[in-house]
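What follows is a single structure, written as C-alpha cells, with notes after it.
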Amino acid sequence: AGTGEEAAEGAAPAEEAAPAEGEASVEAMPSADAHEYPEITYPLVDETTVLTYWQSWPPFLNEISAPQDAAMYGALEEVTGVRLEITAVSTENESTDFMLMCAGGDLLDMIQKGYTHYQEAGAGDAIDDEMMIDMLPYLEQYSANYYRMMMEDQTFYNAVVDDQGRVPSIIGMYKDPYYTDQGMWIRQDILDEVGKSVPTTLDELEDVLAAFHDKGLTDPLVVLSEGNCDMLARAYDTNDKLIDGKIVNNSLGDEGKQLLLKMHEYYEKGYINIDFITYTDSNTKPPQDVVLSDNGGMFVEDVASIAGYVNMSNNPKFDLEPMGQIRLTADQKLNTGFIGQYAADKYNVAISTNCDDVQLAIQYIDYLFSDDGFVMANYGIEGYTYTVGADGNYEFTDLILNNEKGFDWQLCQSLYINPGFPCLNDLAAQELTYNDAQKAAVPTWVGAYDSSDETVPNSNWLSYLSEESARQAELQSDLDTYQEEFRLKAITGQLDIEAEWDNYVATCKSMGYEELQEINQAALDRYFAK
C-alpha cells in the first residue's frame with residue numbers, strides 16, 4: 001500500500017454496470033483515435049512511496065540472488081519515486097502460498113500471475129470475488145503507453161481483454177511479432193557423417209532415421225515420456241486447425257490411427273528409444289545425457305538453450321541446426337503455421353483490491369512500456385549490463401555475455417536485468433547472444449509452412465466463463481490421462497492399434513471429447529467477436 005502523502009488516490013473511474021454472473025459481454029475493440037492519453041511526469045510522486053509485489057522465484061536462483069537485488073528496481077525507483085517491496089516465494093510452492101495469502105486476506109498490492117493462480121486453483125473468479133481489480137477503466141484513464149498498445153493491435157487486445165470486457169492482468173508485449181521459440185533440431189555433424197541432408201518429407205525422414213540407427217544412435221528421434229511427437233502429428237494432420245471459423249481435429253479419425261501406427265513402427269525399428277517412457281524429467285526438453293553422449297539425432301528444444309549444449313559437449317564436431325516441419329509428401333499443403341503475435345505471456349501482473357493507490361501501480365508498470373522503460377527492462381543499466389556501440393546499437397557487457405560465474409544469458413537476464421515484470425519486450429536483445437544456427441531457427445520453422453490460414457489462436461489467449469472453466473479443466477484432465485495411457489501402450493505394442501481403435505474413439509467421446517470441443521469453440525467464437 002502507498003505510504004507517500006502526495007500519492008494520488010487512484011479512485012475507481014466510473015464504470016458501466018457489469019454483466020450478470022457467468023454472462024459473456026463481448027464487444028468489438030474500440031477505436032483509440034479520439035482517446036486522450038494522460039501526460040505523465042516523473043517522478044510519479046513527490047515523496048518515495050512503497051508498493052508491494054508478490055512473485056515466485058526459483059529456489060536455485062534464491063541461492064544466488066533475490067529478485068529485488070536486480071538493478072532495474074533501483075533504477076525504476078530513481079525514475080518513478082516508487083520503491084518496490086518484493087515478497088518472493090518458491091516456484092515449488094507458489095500455488096499453495098498464493099491461496100494461503102488469499103485465505104488470510106493479506107494480498108499485496110501487485111501479484112505476479114494473481115488472476116491466473118486464482119483460476120488454476122479452482123477458487124472461482126478473482127474479480128467477481130473482489131480479490132483482484134478489473135484494470136480496464138484504470139488503464140483507460142491513467143496509462144500513457146500500455147492502453148495505446150492495447151488499442152493499436154487487435155490480437156493484443158484480444159489477449160488482454162477477457163470475454164466479459166475486463167482486463168484481469170497486465171501482460172508483456174513484443175515490440176516485433178513473435179512466432180515461436182521452440183522447434184526441432186538435428187545433429188548436423190552426424191547428418192554429414194552419414195551423407196544425408198536435412199529431411200523435409202516422411203520418406204527422407206525415415207532415410208535419415210535409419211542411417212542414424214545404423215550408426216548406433218540410441219535415440220534417432222527423441223520422444224519424451226508422454227509419447228508425443230508434434231512433428232509427426234502435424235504431418236498426419238492431427239493437430240487442431242481452423243476451417244471456416246470452426247475448430248477441426250482429426251486425432252480420432254484415421255489420421256490419428258495412422259500416426260500411432262507410424263510411431264509404433266519407429267519404436268519397433270529402434271528409431272525411438274526402447275526406454276523413452278523413463279524420460280520424465282521434462283515435458284519439453286530432451287534428456288541432457290542423451291544429447292551430450294551423441295545419441296540424440298533430432299529433438300525439440302528452445303532456441304536459447306542450444307548454445308548450452310554446444311558449450312557442454314566434449315565433441316569438437318558437435319553441431320546442431322534447426323529443422324523445419326516435415327510433410328507426408330512433397331506436395332502436401334501445410335497451413336497451420338505460426339501466427340506472429342504481440343502478446344507475451346512470460347510475466348503477468350494483477351492488482352489486488354488491497355492496493356490503496358491503483359493509479360500509482362498502473363503508472364509504475366506503464367513506465368516499462370515507454371521508450372526509456374523499454375531499454376531498462378530489456379538491456380538493464382548502461383555501463384553495467386549494456387553499452388551503446390558507435391553504430392548506436394546496444395551491446396551487452398561481459399557481465400551478461402561472458403559471466404565470470406558461468407551463468408547463461410537467460411539466467412543473467414533474471415539476475416541482472418528484469419527478474420519478473422511485464423514490459424515491452426525486445427526479441428533482438430536475446431539475439432545478441434545467439435550463434436548462427438540460433439539466428440536461423442525461427443525463420444526455418446516459420447518458413448516450413450505454406451501459411452497460417454488454418455492456425456487456431458493460442459489457447460493462452462482464450463478465456464472461459466466461470467462454469468466453462470471448471471468443466472473444461474475436468475474434461476481435459478481426464479481425457480489427457482486416458483489418451484496418454486492408450487498412446488503409450490500403442491507405441492510400445494502393449495495393445496493392437498487396429499483392433500482397439502474403435503473402442504478408443506468411443507471411449508474418448510463418452511468421456512466428453514465433443515463437449516470439450518464445444519466449450520473451446522465457444523471461447524474461440526467470443527475471441528473473434530472482440
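Just remember, in the C-alpha cells the first chain shown is A, the second B, etc., residues are 1-based per chain, and ligands are 1-based in the order shown.
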
Using only C-alpha atoms, determine which residues lie at most 6 Å from Ser352 of chain A, disregarding the query and same-chain residues fewer than 5 positions distant; provide the list as a PyMOL selection string. chain A and resi 109+131-133

I want to know what sits within 8 Å of Tyr271 of chain A, based on only C-alpha atoms, with residues of the same chain fewer than 5 positions away left out; could you give that as a ChimeraX atom specification? /A:209-210,213,218-221,266

Sorted by chain and rising residue number, which residues of segment 25-114 of chain A lie within 9 Å of segment 406-418 of chain A, and what are their closest atom pairs and distances in Å to one decimal, counting only C-alpha atoms, as CSV?
```
residue,atom,partner,partner_atom,distance
A:Leu61,CA,A:Leu415,CA,8.0
A:Ile64,CA,A:Leu415,CA,8.4
A:Ser65,CA,A:Leu415,CA,6.8
A:Ala66,CA,A:Leu415,CA,8.0
A:Pro67,CA,A:Leu415,CA,7.0
A:Asp69,CA,A:Leu415,CA,7.7
A:Ala70,CA,A:Tyr416,CA,5.0
A:Ala71,CA,A:Tyr416,CA,6.2
A:Met72,CA,A:Ile417,CA,5.9
A:Tyr73,CA,A:Asn418,CA,8.5
```

Would you put the residues from that selection into a file with all heavy atoms, as a PDB file, in the first residue's frame?
```pdb
ATOM      1  N   LEU A  61      17.795 -19.987  -7.893  1.00  0.00           N
ATOM      2  CA  LEU A  61      18.152 -18.583  -8.049  1.00  0.00           C
ATOM      3  C   LEU A  61      18.237 -17.892  -6.697  1.00  0.00           C
ATOM      4  O   LEU A  61      19.053 -16.984  -6.504  1.00  0.00           O
ATOM      5  CB  LEU A  61      17.119 -17.866  -8.917  1.00  0.00           C
ATOM      6  CG  LEU A  61      17.195 -18.058 -10.430  1.00  0.00           C
ATOM      7  CD1 LEU A  61      16.170 -17.176 -11.125  1.00  0.00           C
ATOM      8  CD2 LEU A  61      18.586 -17.748 -10.957  1.00  0.00           C
ATOM      9  N   ILE A  64      21.471 -17.567  -5.182  1.00  0.00           N
ATOM     10  CA  ILE A  64      22.408 -16.640  -5.816  1.00  0.00           C
ATOM     11  C   ILE A  64      22.051 -15.193  -5.510  1.00  0.00           C
ATOM     12  O   ILE A  64      22.896 -14.385  -5.139  1.00  0.00           O
ATOM     13  CB  ILE A  64      22.410 -16.846  -7.349  1.00  0.00           C
ATOM     14  CG1 ILE A  64      22.748 -18.298  -7.701  1.00  0.00           C
ATOM     15  CG2 ILE A  64      23.388 -15.885  -8.025  1.00  0.00           C
ATOM     16  CD1 ILE A  64      22.491 -18.648  -9.144  1.00  0.00           C
ATOM     17  N   SER A  65      20.754 -14.889  -5.657  1.00  0.00           N
ATOM     18  CA  SER A  65      20.319 -13.505  -5.517  1.00  0.00           C
ATOM     19  C   SER A  65      18.812 -13.457  -5.320  1.00  0.00           C
ATOM     20  O   SER A  65      18.095 -14.363  -5.748  1.00  0.00           O
ATOM     21  CB  SER A  65      20.715 -12.711  -6.772  1.00  0.00           C
ATOM     22  OG  SER A  65      20.255 -11.385  -6.701  1.00  0.00           O
ATOM     23  N   ALA A  66      18.332 -12.405  -4.684  1.00  0.00           N
ATOM     24  CA  ALA A  66      16.889 -12.182  -4.538  1.00  0.00           C
ATOM     25  C   ALA A  66      16.427 -11.290  -5.684  1.00  0.00           C
ATOM     26  O   ALA A  66      17.207 -10.488  -6.215  1.00  0.00           O
ATOM     27  CB  ALA A  66      16.585 -11.523  -3.205  1.00  0.00           C
ATOM     28  N   PRO A  67      15.160 -11.392  -6.110  1.00  0.00           N
ATOM     29  CA  PRO A  67      14.709 -10.579  -7.246  1.00  0.00           C
ATOM     30  C   PRO A  67      14.857  -9.080  -7.009  1.00  0.00           C
ATOM     31  O   PRO A  67      15.160  -8.332  -7.946  1.00  0.00           O
ATOM     32  CB  PRO A  67      13.235 -10.990  -7.414  1.00  0.00           C
ATOM     33  CG  PRO A  67      12.847 -11.679  -6.150  1.00  0.00           C
ATOM     34  CD  PRO A  67      14.096 -12.294  -5.624  1.00  0.00           C
ATOM     35  N   ASP A  69      17.200  -7.593  -5.786  1.00  0.00           N
ATOM     36  CA  ASP A  69      18.583  -7.161  -5.967  1.00  0.00           C
ATOM     37  C   ASP A  69      18.876  -6.719  -7.398  1.00  0.00           C
ATOM     38  O   ASP A  69      19.932  -6.139  -7.662  1.00  0.00           O
ATOM     39  CB  ASP A  69      19.550  -8.297  -5.596  1.00  0.00           C
ATOM     40  CG  ASP A  69      19.469  -8.657  -4.120  1.00  0.00           C
ATOM     41  OD1 ASP A  69      19.082  -7.783  -3.329  1.00  0.00           O
ATOM     42  OD2 ASP A  69      19.778  -9.815  -3.764  1.00  0.00           O
ATOM     43  N   ALA A  70      17.977  -7.024  -8.333  1.00  0.00           N
ATOM     44  CA  ALA A  70      18.184  -6.622  -9.721  1.00  0.00           C
ATOM     45  C   ALA A  70      18.273  -5.105  -9.814  1.00  0.00           C
ATOM     46  O   ALA A  70      17.483  -4.380  -9.216  1.00  0.00           O
ATOM     47  CB  ALA A  70      17.057  -7.144 -10.607  1.00  0.00           C
ATOM     48  N   ALA A  71      19.242  -4.639 -10.585  1.00  0.00           N
ATOM     49  CA  ALA A  71      19.487  -3.194 -10.674  1.00  0.00           C
ATOM     50  C   ALA A  71      18.302  -2.442 -11.253  1.00  0.00           C
ATOM     51  O   ALA A  71      18.136  -1.241 -11.001  1.00  0.00           O
ATOM     52  CB  ALA A  71      20.729  -2.944 -11.526  1.00  0.00           C
ATOM     53  N   MET A  72      17.450  -3.140 -12.027  1.00  0.00           N
ATOM     54  CA  MET A  72      16.309  -2.477 -12.646  1.00  0.00           C
ATOM     55  C   MET A  72      15.421  -1.805 -11.607  1.00  0.00           C
ATOM     56  O   MET A  72      14.907  -0.700 -11.832  1.00  0.00           O
ATOM     57  CB  MET A  72      15.491  -3.482 -13.455  1.00  0.00           C
ATOM     58  CG  MET A  72      14.304  -2.867 -14.192  1.00  0.00           C
ATOM     59  SD  MET A  72      13.275  -4.073 -15.079  1.00  0.00           S
ATOM     60  CE  MET A  72      12.205  -4.644 -13.750  1.00  0.00           C
ATOM     61  N   TYR A  73      15.222  -2.464 -10.464  1.00  0.00           N
ATOM     62  CA  TYR A  73      14.300  -1.914  -9.480  1.00  0.00           C
ATOM     63  C   TYR A  73      14.846  -0.646  -8.830  1.00  0.00           C
ATOM     64  O   TYR A  73      14.094   0.277  -8.520  1.00  0.00           O
ATOM     65  CB  TYR A  73      13.962  -2.972  -8.435  1.00  0.00           C
ATOM     66  CG  TYR A  73      13.063  -4.054  -8.987  1.00  0.00           C
ATOM     67  CD1 TYR A  73      13.398  -5.395  -8.877  1.00  0.00           C
ATOM     68  CD2 TYR A  73      11.878  -3.731  -9.637  1.00  0.00           C
ATOM     69  CE1 TYR A  73      12.580  -6.387  -9.394  1.00  0.00           C
ATOM     70  CE2 TYR A  73      11.049  -4.718 -10.155  1.00  0.00           C
ATOM     71  CZ  TYR A  73      11.403  -6.039 -10.031  1.00  0.00           C
ATOM     72  OH  TYR A  73      10.589  -7.001 -10.552  1.00  0.00           O
TER      73      TYR A  73
END
```

Could you name the residues that touch segment 169-184 of chain A at 7 Å or less, counting only C-alpha atoms, but leaving out those on the same chain fewer than 5 positions away, as a PyMOL selection string? chain A and resi 115+298-303+322-324+338-345+347-350+422-426+442+445

Please save C-alpha atoms of the selected residues as a compact mmCIF listing (two decimals), in the first residue's frame.
```
# COMPACT_ATOMS: atom_id res chain seq x y z
CA TYR A 115 -5.63 -13.81 -11.60
CA MET A 298 16.77 -34.95 -33.62
CA PHE A 299 14.76 -33.40 -30.81
CA VAL A 300 12.64 -30.43 -29.79
CA GLU A 301 14.33 -27.62 -27.87
CA ASP A 302 14.02 -23.86 -27.40
CA VAL A 303 16.39 -21.53 -29.20
CA PRO A 322 17.26 -26.12 -36.90
CA MET A 323 14.98 -28.47 -38.82
CA GLY A 324 11.62 -27.44 -40.26
CA PHE A 338 2.93 -19.89 -36.69
CA ILE A 339 0.96 -16.68 -36.21
CA GLY A 340 3.01 -13.62 -35.38
CA GLN A 341 1.68 -12.19 -32.14
CA TYR A 342 2.49 -9.26 -29.88
CA ALA A 343 1.15 -10.66 -26.61
CA ALA A 344 3.84 -12.05 -24.29
CA ASP A 345 2.72 -14.38 -21.51
CA TYR A 347 5.06 -12.50 -16.96
CA ASN A 348 1.72 -11.03 -15.98
CA VAL A 349 0.69 -8.89 -13.04
CA ALA A 350 -2.69 -8.42 -11.35
CA PRO A 422 5.85 -7.45 -17.79
CA CYS A 423 7.27 -4.93 -20.23
CA LEU A 424 7.64 -4.13 -23.91
CA ASN A 425 9.92 -6.99 -24.91
CA ASP A 426 12.69 -6.72 -27.49
CA VAL A 442 12.73 -19.19 -36.19
CA TRP A 445 10.48 -23.17 -38.50
```

How many Å separate atom CA of Asn228 of chain A from atom CA of Ala499 of chain A?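 Value for the atom CA of Asn228 of chain A-atom CA of Ala499 of chain A distance: 21.4 Å.
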
Top pick for closest residue to Val222 of chain A, considering A:Glu515, A:Asp480, A:Asp275, A:Asp237 and counting only C-alpha atoms: A:Asp275

Based on DSSP run over this structure's backbone, return all residues of segment 365-464 of chain A in helix (DSSP H, G or I), as a PyMOL selection string. chain A and resi 365-369+371-379+398-401+409-417+427-431+436-447+459-461

Tell me which protein, DNA and RNA residues are within 10 Å of Asp436 of chain A, counting only C-alpha atoms, leaving out same-chain ones fewer than 5 positions away, and put them as a PyMOL selection string. chain A and resi 321+431+441

Go ahead and write the selection's residues with all heavy atoms as a JSON list (two decimals), in the first residue's frame.
```json
[["chain", "number", "residue", "atom", "x", "y", "z"],
["A", 321, "GLU", "N", 21.60, -27.91, -35.87],
["A", 321, "GLU", "CA", 20.99, -26.98, -36.80],
["A", 321, "GLU", "C", 19.46, -27.12, -36.71],
["A", 321, "GLU", "O", 18.95, -28.21, -36.43],
["A", 321, "GLU", "CB", 21.44, -27.28, -38.24],
["A", 321, "GLU", "CG", 22.91, -27.04, -38.50],
["A", 321, "GLU", "CD", 23.32, -25.57, -38.40],
["A", 321, "GLU", "OE1", 22.45, -24.70, -38.67],
["A", 321, "GLU", "OE2", 24.48, -25.29, -38.07],
["A", 431, "GLU", "N", 18.84, -12.08, -29.10],
["A", 431, "GLU", "CA", 19.55, -12.47, -30.31],
["A", 431, "GLU", "C", 21.00, -11.98, -30.30],
["A", 431, "GLU", "O", 21.83, -12.47, -31.08],
["A", 431, "GLU", "CB", 18.81, -11.94, -31.54],
["A", 431, "GLU", "CG", 17.48, -12.66, -31.77],
["A", 431, "GLU", "CD", 16.68, -12.09, -32.92],
["A", 431, "GLU", "OE1", 17.21, -11.19, -33.62],
["A", 431, "GLU", "OE2", 15.55, -12.54, -33.14],
["A", 441, "ALA", "N", 16.97, -20.29, -36.63],
["A", 441, "ALA", "CA", 15.95, -21.23, -36.17],
["A", 441, "ALA", "C", 14.52, -20.78, -36.49],
["A", 441, "ALA", "O", 13.77, -21.50, -37.16],
["A", 441, "ALA", "CB", 16.10, -21.48, -34.67]]
```

If we count only C-alpha atoms and set the cut-off at 12 Å, which residues sit around Asp244 of chain A, ignoring sequence neighbours fewer than 4 positions away in its own chain? Please answer as a ChimeraX atom specification. /A:248,453-456,525

Could you produce a table of the residues of segment 34-84 of chain A lying within 12 Å of segment 93-105 of chain A, with the nearest pair of atoms per residue and their separation in Å rounded to one decimal, using only C-alpha atoms, ordered by chain and increasing residue number, as CSV?
```
residue,atom,partner,partner_atom,distance
A:Trp54,CA,A:Phe98,CA,8.8
A:Gln55,CA,A:Glu94,CA,8.3
A:Ser56,CA,A:Glu94,CA,6.1
A:Trp57,CA,A:Glu94,CA,8.7
A:Pro58,CA,A:Glu94,CA,9.9
A:Pro59,CA,A:Asn93,CA,10.2
```
